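Coordinates as given in run.csv (CSV, C-alpha atoms):
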```
chain,number,residue,atom,x,y,z
U,1,MET,CA,23.8,-29.2,-164.6
U,2,GLU,CA,25.1,-30.4,-167.9
U,3,LYS,CA,25.9,-33.7,-166.3
U,4,ILE,CA,22.3,-34.1,-165.1
U,5,ASP,CA,21.0,-33.4,-168.6
U,6,GLU,CA,23.4,-35.8,-170.0
U,7,VAL,CA,22.3,-38.5,-167.5
U,8,LYS,CA,18.7,-37.8,-168.2
U,9,ALA,CA,19.3,-38.2,-172.0
U,10,LEU,CA,21.2,-41.4,-171.3
U,11,LEU,CA,18.4,-42.6,-169.1
U,12,GLU,CA,15.9,-42.0,-171.9
U,13,ARG,CA,18.2,-43.9,-174.3
U,14,TYR,CA,18.6,-46.6,-171.7
U,15,PHE,CA,14.8,-47.2,-171.3
U,16,ASN,CA,14.6,-47.3,-175.1
U,17,ALA,CA,17.3,-49.9,-175.0
U,18,GLU,CA,19.6,-47.8,-177.2
U,19,THR,CA,22.5,-47.4,-174.8
U,20,THR,CA,25.9,-48.9,-175.3
U,21,LEU,CA,27.7,-50.8,-172.6
U,22,LYS,CA,30.0,-47.8,-172.1
U,23,GLU,CA,27.0,-45.5,-171.6
U,24,GLU,CA,25.4,-47.9,-169.2
U,25,GLN,CA,28.6,-47.8,-167.2
U,26,ILE,CA,28.5,-44.0,-167.2
U,27,LEU,CA,25.0,-44.3,-165.7
U,28,ARG,CA,26.0,-46.8,-163.1
U,29,ASP,CA,29.0,-44.7,-162.1
U,30,TYR,CA,26.8,-41.6,-161.8
U,31,PHE,CA,24.2,-43.3,-159.6
U,32,ARG,CA,27.0,-44.5,-157.3
U,33,THR,CA,27.8,-40.9,-156.5
U,34,ASP,CA,25.7,-38.7,-154.2
U,35,VAL,CA,22.7,-37.9,-156.4
U,36,LYS,CA,20.9,-34.7,-155.5
U,37,ASP,CA,18.4,-34.3,-158.3
U,38,GLU,CA,15.1,-35.7,-157.0
U,39,GLU,CA,13.9,-36.9,-160.4
U,40,LEU,CA,17.1,-38.9,-160.8
U,41,LEU,CA,17.1,-40.1,-157.2
U,42,ALA,CA,14.2,-42.5,-158.1
U,43,TYR,CA,16.5,-44.4,-160.4
U,44,LYS,CA,19.4,-44.7,-157.9
U,45,PRO,CA,18.2,-48.1,-156.5
U,46,LEU,CA,17.9,-49.5,-159.9
U,47,PHE,CA,21.5,-48.8,-161.0
U,48,ASN,CA,22.9,-49.2,-157.5
U,49,CYS,CA,21.3,-52.6,-157.4
U,50,PHE,CA,23.4,-53.6,-160.4
U,51,SER,CA,26.5,-52.1,-159.0
U,52,ASP,CA,25.8,-53.6,-155.5
U,53,GLU,CA,25.3,-57.0,-157.2
U,54,ALA,CA,28.5,-56.6,-159.1
U,55,ASP,CA,30.2,-55.7,-155.7
U,56,LYS,CA,28.6,-58.7,-154.1
U,57,ILE,CA,29.8,-61.0,-157.0
U,58,LYS,CA,33.3,-59.6,-156.5
U,59,GLU,CA,33.0,-60.2,-152.8
U,60,LEU,CA,31.8,-63.8,-153.4
U,61,GLU,CA,34.6,-64.4,-155.8
U,62,HIS,CA,37.0,-63.2,-153.2
U,63,ILE,CA,35.4,-65.4,-150.5
U,64,ASP,CA,35.5,-68.4,-152.9
U,65,THR,CA,39.2,-67.8,-153.6
U,66,SER,CA,39.9,-67.6,-149.9
U,67,ILE,CA,37.9,-70.8,-149.2
U,68,GLN,CA,39.8,-72.5,-152.0
U,69,SER,CA,43.1,-71.4,-150.5
U,70,THR,CA,42.0,-72.6,-147.0
U,71,THR,CA,41.0,-76.0,-148.4
U,72,LEU,CA,44.3,-76.2,-150.2
U,73,LYS,CA,46.1,-75.2,-147.1
U,74,ARG,CA,44.0,-77.9,-145.1
U,75,SER,CA,44.7,-80.6,-147.6
U,76,PHE,CA,48.4,-79.6,-147.6
U,77,HIS,CA,48.2,-79.7,-143.8
U,78,PHE,CA,46.6,-83.2,-143.8
U,79,ARG,CA,49.2,-84.4,-146.3
U,80,TRP,CA,51.9,-83.3,-143.9
U,81,ILE,CA,50.1,-85.0,-141.0
U,82,SER,CA,50.1,-88.3,-142.8
U,83,VAL,CA,53.8,-87.9,-143.8
U,84,ALA,CA,54.6,-87.1,-140.2
U,85,ALA,CA,52.6,-90.1,-139.0
U,86,ALA,CA,54.4,-92.4,-141.4
U,87,ALA,CA,57.8,-91.0,-140.3
U,88,ALA,CA,56.8,-91.4,-136.6
U,89,LEU,CA,55.8,-95.0,-137.2
U,90,ALA,CA,59.1,-95.7,-139.0
U,91,LEU,CA,61.0,-94.2,-136.1
U,92,PHE,CA,58.9,-96.0,-133.6
U,93,THR,CA,59.6,-99.3,-135.3
U,94,TYR,CA,63.3,-98.5,-135.4
U,95,LEU,CA,63.3,-97.7,-131.7
U,96,ILE,CA,61.3,-100.8,-130.7
U,97,MET,CA,63.1,-103.2,-133.0
U,98,PRO,CA,66.6,-101.8,-133.6
U,99,GLU,CA,68.2,-103.6,-136.5
U,100,ARG,CA,70.8,-105.9,-135.0
U,101,GLY,CA,73.6,-105.5,-137.5
U,102,ASP,CA,75.5,-108.5,-136.1
U,103,SER,CA,74.4,-111.8,-137.5
U,104,LEU,CA,76.0,-113.3,-134.4
U,105,LYS,CA,76.7,-111.8,-131.0
U,106,MET,CA,78.0,-113.6,-128.0
U,107,MET,CA,78.5,-112.4,-124.4
U,108,ILE,CA,80.1,-114.4,-121.6
U,109,ASP,CA,80.1,-113.0,-118.1
U,110,GLY,CA,79.0,-109.6,-119.4
U,111,VAL,CA,82.0,-109.5,-121.8
U,112,ASN,CA,81.5,-109.5,-125.6
U,113,VAL,CA,83.3,-112.5,-127.1
U,114,TYR,CA,84.1,-112.3,-130.8
U,115,ASN,CA,84.4,-115.9,-131.6
U,116,LYS,CA,82.0,-117.1,-134.2
U,117,GLU,CA,83.0,-120.7,-134.0
U,118,LEU,CA,82.5,-120.9,-130.3
U,119,ALA,CA,79.2,-119.1,-130.5
U,120,ILE,CA,77.9,-121.4,-133.2
U,121,SER,CA,79.2,-124.5,-131.4
U,122,LYS,CA,77.4,-123.4,-128.2
U,123,ALA,CA,74.2,-122.6,-130.0
U,124,ASP,CA,74.4,-125.8,-132.0
U,125,GLY,CA,74.9,-127.7,-128.7
U,126,GLN,CA,71.7,-126.2,-127.3
U,127,MET,CA,69.6,-126.9,-130.4
U,128,SER,CA,70.9,-130.4,-130.6
U,129,ASN,CA,69.9,-131.0,-127.0
U,130,ILE,CA,66.5,-129.6,-127.6
U,131,ASN,CA,66.1,-131.7,-130.8
U,132,SER,CA,67.2,-134.8,-128.9
U,133,MET,CA,64.6,-134.1,-126.2
U,134,MET,CA,62.0,-133.5,-128.9
U,135,GLY,CA,63.0,-136.8,-130.5
U,136,LYS,CA,62.2,-138.5,-127.2
U,137,PHE,CA,58.9,-136.8,-127.1
U,138,LYS,CA,58.1,-138.0,-130.6
U,139,ASN,CA,59.1,-141.6,-129.6
U,140,SER,CA,56.7,-141.4,-126.6
U,141,THR,CA,53.9,-140.1,-128.9
U,142,ALA,CA,54.6,-142.9,-131.3
U,143,GLN,CA,54.4,-145.5,-128.5
U,144,LEU,CA,51.1,-144.0,-127.4
U,145,GLU,CA,49.9,-144.2,-131.0
U,146,GLY,CA,51.1,-147.9,-131.1
U,147,MET,CA,49.1,-148.6,-127.9
U,148,GLY,CA,46.1,-147.1,-129.5
U,149,LYS,CA,46.5,-149.3,-132.5
U,150,VAL,CA,46.8,-152.4,-130.2
U,151,GLY,CA,43.6,-151.3,-128.5
U,152,ASP,CA,41.9,-151.0,-131.9
U,153,ALA,CA,43.2,-154.5,-132.9
U,154,LEU,CA,41.8,-156.0,-129.6
U,155,SER,CA,38.4,-154.4,-129.9
U,156,PRO,CA,36.9,-157.3,-132.1
U,157,LEU,CA,38.2,-159.8,-129.5
U,158,ARG,CA,36.4,-157.7,-126.8
U,159,SER,CA,33.1,-157.7,-128.7
U,160,MET,CA,33.6,-161.5,-129.3
U,161,GLY,CA,34.0,-162.0,-125.5
U,162,LYS,CA,30.9,-159.9,-124.9
U,163,ALA,CA,28.8,-162.0,-127.3
U,164,MET,CA,30.1,-165.2,-125.8
U,165,THR,CA,29.2,-164.0,-122.2
U,166,GLN,CA,25.7,-163.2,-123.4
U,167,ASN,CA,25.3,-166.7,-124.9
U,168,ASP,CA,26.3,-168.2,-121.5
C,169,MET,CA,39.8,-86.3,-139.9
C,170,LYS,CA,38.2,-88.9,-137.6
C,171,LYS,CA,39.2,-91.7,-140.0
C,172,LEU,CA,42.8,-90.4,-140.2
C,173,LEU,CA,43.0,-90.3,-136.4
C,174,ILE,CA,41.6,-93.8,-136.1
C,175,LEU,CA,44.1,-95.0,-138.7
C,176,MET,CA,47.0,-93.4,-136.9
C,177,PHE,CA,45.8,-94.8,-133.6
C,178,VAL,CA,45.6,-98.4,-135.1
C,179,ALA,CA,48.9,-98.0,-136.9
C,180,VAL,CA,50.6,-97.1,-133.6
C,181,ILE,CA,48.8,-99.4,-131.2
C,182,MET,CA,48.6,-102.6,-133.2
C,183,PRO,CA,52.4,-103.1,-133.6
C,184,LEU,CA,52.7,-102.2,-129.9
C,185,THR,CA,50.3,-105.1,-128.9
C,186,ALA,CA,52.0,-107.5,-131.2
C,187,LEU,CA,55.4,-106.6,-130.1
C,188,GLY,CA,54.5,-106.5,-126.4
C,189,GLN,CA,55.4,-110.2,-125.6
C,190,THR,CA,58.5,-110.1,-127.8
C,191,LYS,CA,59.6,-106.9,-126.0
C,192,GLN,CA,59.0,-108.4,-122.5
C,193,ILE,CA,61.0,-111.5,-123.3
C,194,ASN,CA,63.8,-109.4,-124.8
C,195,GLU,CA,63.8,-107.1,-121.7
C,196,ILE,CA,64.3,-110.1,-119.4
C,197,LEU,CA,67.1,-111.5,-121.6
C,198,ASP,CA,68.7,-108.1,-121.8
C,199,LYS,CA,68.6,-107.7,-118.1
C,200,TYR,CA,70.4,-111.0,-117.3
C,201,GLU,CA,72.8,-111.3,-120.3
C,202,LYS,CA,75.5,-109.1,-118.7
C,203,ARG,CA,75.6,-111.0,-115.4
C,204,LYS,CA,78.5,-113.1,-114.3
C,205,GLY,CA,78.0,-116.8,-114.9
C,206,VAL,CA,75.6,-116.1,-117.8
C,207,GLU,CA,76.3,-116.8,-121.5
C,208,SER,CA,74.3,-114.9,-124.2
C,209,ILE,CA,74.1,-115.7,-127.9
C,210,ILE,CA,72.1,-113.9,-130.5
C,211,ILE,CA,71.8,-115.5,-133.9
C,212,SER,CA,70.3,-114.2,-137.1
C,213,PRO,CA,68.2,-116.6,-139.2
C,214,SER,CA,71.0,-116.7,-141.8
C,215,LEU,CA,72.9,-119.0,-139.4
C,216,LEU,CA,70.0,-121.3,-138.9
C,217,GLN,CA,68.9,-124.2,-141.1
C,218,ILE,CA,65.9,-126.4,-141.2
C,219,ALA,CA,66.5,-130.1,-141.6
C,220,SER,CA,64.1,-131.6,-144.1
C,221,THR,CA,61.9,-134.1,-142.3
C,222,THR,CA,58.6,-135.6,-143.3
C,223,ASP,CA,56.8,-133.6,-140.5
C,224,VAL,CA,57.9,-130.3,-141.9
C,225,ASP,CA,55.5,-129.4,-144.8
C,226,ALA,CA,56.8,-125.9,-145.6
C,227,SER,CA,60.0,-125.2,-147.5
C,228,THR,CA,63.2,-124.4,-145.6
C,229,LYS,CA,63.4,-120.9,-147.2
C,230,ASP,CA,59.8,-120.2,-146.2
C,231,LEU,CA,60.4,-121.3,-142.6
C,232,LEU,CA,63.6,-119.3,-142.2
C,233,SER,CA,62.0,-116.2,-143.6
C,234,LYS,CA,59.5,-116.3,-140.7
C,235,ILE,CA,62.3,-116.3,-138.1
C,236,THR,CA,63.7,-112.9,-137.3
C,237,GLU,CA,66.1,-113.8,-134.5
C,238,MET,CA,67.2,-116.5,-132.1
C,239,ARG,CA,68.5,-115.7,-128.6
C,240,ILE,CA,70.1,-118.2,-126.2
C,241,LEU,CA,70.8,-117.5,-122.6
C,242,ASN,CA,72.7,-120.1,-120.5
C,243,ILE,CA,72.7,-119.5,-116.7
C,244,LYS,CA,75.2,-121.6,-114.8
C,245,SER,CA,73.8,-123.2,-111.6
C,246,GLY,CA,76.7,-121.6,-109.6
C,247,ALA,CA,75.8,-118.1,-110.8
C,248,VAL,CA,74.6,-116.2,-107.8
C,249,GLU,CA,73.8,-112.5,-107.2
C,250,SER,CA,73.0,-111.0,-103.8
C,251,GLY,CA,72.9,-114.5,-102.4
C,252,ILE,CA,70.2,-115.6,-104.8
C,253,PRO,CA,70.9,-118.0,-107.7
C,254,ILE,CA,70.4,-116.1,-111.0
C,255,ARG,CA,68.6,-119.1,-112.5
C,256,LEU,CA,65.9,-118.7,-109.8
C,257,SER,CA,65.6,-115.0,-110.4
C,258,ILE,CA,65.2,-115.3,-114.1
C,259,ARG,CA,62.9,-118.3,-113.8
C,260,LYS,CA,60.6,-116.3,-111.5
C,261,GLU,CA,60.5,-113.4,-114.0
C,262,LEU,CA,59.8,-115.8,-116.9
C,263,ASP,CA,57.1,-117.6,-114.9
C,264,GLY,CA,55.4,-114.2,-114.3
C,265,LEU,CA,55.2,-113.8,-118.1
C,266,ILE,CA,54.5,-117.4,-119.3
C,267,GLY,CA,51.9,-117.8,-116.6
C,268,THR,CA,49.7,-115.2,-118.3
C,269,ASP,CA,47.2,-115.7,-121.0
C,270,MET,CA,49.7,-114.5,-123.6
C,271,PHE,CA,51.6,-117.8,-123.6
C,272,LYS,CA,50.7,-121.4,-123.7
C,273,ARG,CA,52.8,-124.5,-123.0
C,274,ILE,CA,53.0,-126.9,-125.9
C,275,VAL,CA,55.3,-129.6,-124.6
C,276,MET,CA,57.1,-130.6,-121.4
C,277,VAL,CA,59.6,-133.4,-121.6
C,278,LYS,CA,61.4,-134.9,-118.6
C,279,ASP,CA,64.4,-137.0,-119.3
C,280,GLY,CA,66.3,-138.0,-116.2
C,281,ASP,CA,67.5,-134.8,-114.5
C,282,GLU,CA,66.7,-132.7,-117.6
C,283,ILE,CA,63.4,-130.9,-118.2
C,284,LEU,CA,62.5,-129.3,-121.5
C,285,GLU,CA,59.5,-126.9,-121.7
C,286,MET,CA,58.2,-125.4,-124.9
C,287,TYR,CA,55.9,-122.3,-124.9
C,288,ILE,CA,54.5,-120.2,-127.7
C,289,THR,CA,52.7,-116.8,-127.7
C,290,ASN,CA,49.1,-116.6,-128.6
C,291,THR,CA,49.8,-114.2,-131.4
C,292,THR,CA,51.6,-115.6,-134.4
C,293,GLN,CA,54.0,-112.6,-134.4
C,294,GLY,CA,55.7,-113.5,-131.2
C,295,VAL,CA,58.1,-116.0,-129.6
C,296,LEU,CA,58.7,-119.7,-129.5
C,297,LEU,CA,60.3,-120.2,-126.1
C,298,PHE,CA,62.3,-123.3,-124.9
C,299,LEU,CA,63.3,-123.6,-121.3
C,300,THR,CA,65.7,-126.4,-120.4
C,301,THR,CA,66.7,-127.2,-116.8
C,302,ASN,CA,69.4,-129.6,-115.8
C,303,PRO,CA,71.6,-129.7,-112.6
C,304,GLY,CA,74.4,-127.8,-114.4
C,305,GLU,CA,72.5,-124.9,-115.9
C,306,PHE,CA,69.2,-123.3,-116.9
C,307,SER,CA,68.8,-122.2,-120.5
C,308,VAL,CA,66.3,-119.9,-122.3
C,309,ILE,CA,66.2,-120.4,-126.0
C,310,SER,CA,63.9,-117.9,-127.7
C,311,ILE,CA,63.0,-117.8,-131.4
C,312,PHE,CA,61.4,-114.6,-132.5
C,313,GLY,CA,59.3,-114.0,-135.6
C,314,ASN,CA,56.1,-115.2,-137.3
C,315,ILE,CA,55.7,-118.3,-135.1
C,316,ASP,CA,53.0,-120.1,-137.0
C,317,LYS,CA,52.1,-123.8,-137.2
C,318,THR,CA,54.8,-124.6,-139.7
C,319,VAL,CA,57.5,-123.2,-137.4
C,320,VAL,CA,56.1,-125.0,-134.3
C,321,ASN,CA,56.0,-128.2,-136.3
C,322,ALA,CA,59.6,-127.8,-137.4
C,323,ALA,CA,60.6,-127.1,-133.8
C,324,MET,CA,58.7,-130.1,-132.5
C,325,SER,CA,60.2,-132.3,-135.2
C,326,GLY,CA,63.7,-131.3,-134.0
C,327,ALA,CA,64.3,-129.8,-137.4
C,328,ILE,CA,65.7,-126.3,-136.4
C,329,LYS,CA,69.5,-126.5,-136.4
C,330,VAL,CA,72.4,-124.1,-136.3
C,331,LYS,CA,74.7,-124.2,-139.4
```

Translate the structure of the given file into structure tokens.
Amino acid sequence: MEKIDEVKALLERYFNAETTLKEEQILRDYFRTDVKDEELLAYKPLFNCFSDEADKIKELEHIDTSIQSTTLKRSFHFRWISVAAAAALALFTYLIMPERGDSLKMMIDGVNVYNKELAISKADGQMSNINSMMGKFKNSTAQLEGMGKVGDALSPLRSMGKAMTQND
Amino acid sequence: MKKLLILMFVAVIMPLTALGQTKQINEILDKYEKRKGVESIIISPSLLQIASTTDVDASTKDLLSKITEMRILNIKSGAVESGIPIRLSIRKELDGLIGTDMFKRIVMVKDGDEILEMYITNTTQGVLLFLTTNPGEFSVISIFGNIDKTVVNAAMSGAIKVK
């Protein structure tokens, strides 16, 4: 009963804007309990609204924190995906194009032959043969170009011949 | 997420496409290099040199940096497997590849009994392929790397040599 009187007194002070923060907290705490007094019951929604709001703010803060942690987890997740993709690409490149440590490797009849000079000599022979054939191709191209030049040189004669035929 | 997936897809697929032709040639060369009557030589660009000619407009260092590897396969005419000359088997496999849109023939030179064919891949990151045929042997000389115009010019000028 004393409590009810105390609350009523506090309420009066509250509506006169004379309560301290501590006293307002006492009021909020009281109205969160099971209020039996009919007179006081009318004020319950007012103070519960504040406390509900406070609860909701707390809830929202909690949700925000969990969202932040999920976003953080996601970004962390994506970061690892990109790292994994880069690693997979590196591994893939390694598998497709394994680094051939040897600068020179020769195999004859399926047997590895470790003779650098012989390998270079054979490779050189092949390239020399190709270069020699390419040289012949170049000569032929030069000859064709020469024929073209002869054709160009003869063109004035051709036009002269044409003019003379027309005069006849 | 979508962008990331697309990026990952492109990052994985693009090298695959570019390496496709190189891989196919390497597979054929790998298949035949261990046979009897076949000689295989793999050379790194450090053992190659580019002779300076007037036709080659890029510096030697630049050209060599574009070449990743050179492979030579010599198949003797007498090399036979299961009654079929190996030179015919490998030629058939190579024809199946160079006959596609992925390759184009640049030059064919016939000098007496000898024939030289030069092919390049349509993508610059690919292969420069020489096929030489004479009565004694059939040879496949492949140069892998960034086969651009300067490398092709150097090859056509007969400027690529072995040290």

Note to self: Just to confirm, what's the straight-line distance from atom CA of Glu18 of chain U to atom CA of Ile57 of chain U in Å (one decimal)?
What the structure shows: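 Distance reported for this atom pair: 26.2 Å.
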
Next item on the list: Have a look at C:Ser227, C:Ser245, C:Thr301, C:Gln293 and name the one nearest to Asp281 of chain C; count only C-alpha atoms.
Entry: C:Thr301

Next item on the list: Just need the residues of chain U within 7 Å of chain C, counting only C-alpha atoms, so spit them out as a list in words.
Entry: Ala85, Leu89, Ser103, Leu104, Lys105, Met106, Met107, Ile108, Asp109, Gly110, Ala119, Ile120, Ala123, Asp124, Met127, Asn131, Met133, Met134, Gly135 and Phe137 of chain U

Next item on the list: Excluding Lys234 of chain C and residues on its chain fewer than 5 positions from it, collect all residues at most 12 Å away from it, counting only C-alpha atoms, and give them as a ChimeraX atom specification.
Entry: /C:212-214,216,218,226-229,292-296,311-320,322

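Of the listed residues (C:Met270, C:Ile193, C:Leu265, C:Ile258), C:Met270 comes nearest to Asn290 of chain C; the distances count all atoms listed in the file.
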
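Interatomic distance, atom CA of Gln189 of chain C to atom CA of Phe271 of chain C: 8.7 Å.
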
Notebook entry, point to check: For the atom pair atom CA of Ala87 of chain U and atom CA of Thr291 of chain C, what is the interatomic distance in Å to one decimal place?
Noted result: 26.1 Å

Checklist line | Who sits within 10 Å of segment 40-44 of chain U, only C-alpha atoms, same chain under 6 positions skipped, as number ranges by chain | finding: U: 4, 7-8, 11, 27-28, 30-34

Margin query: Here is a test: counting all atoms listed in the file, which residue of C:Gly246, C:Thr236, C:Ile288, C:Asn302 is nearest to Thr268 of chain C?
Written below: C:Ile288
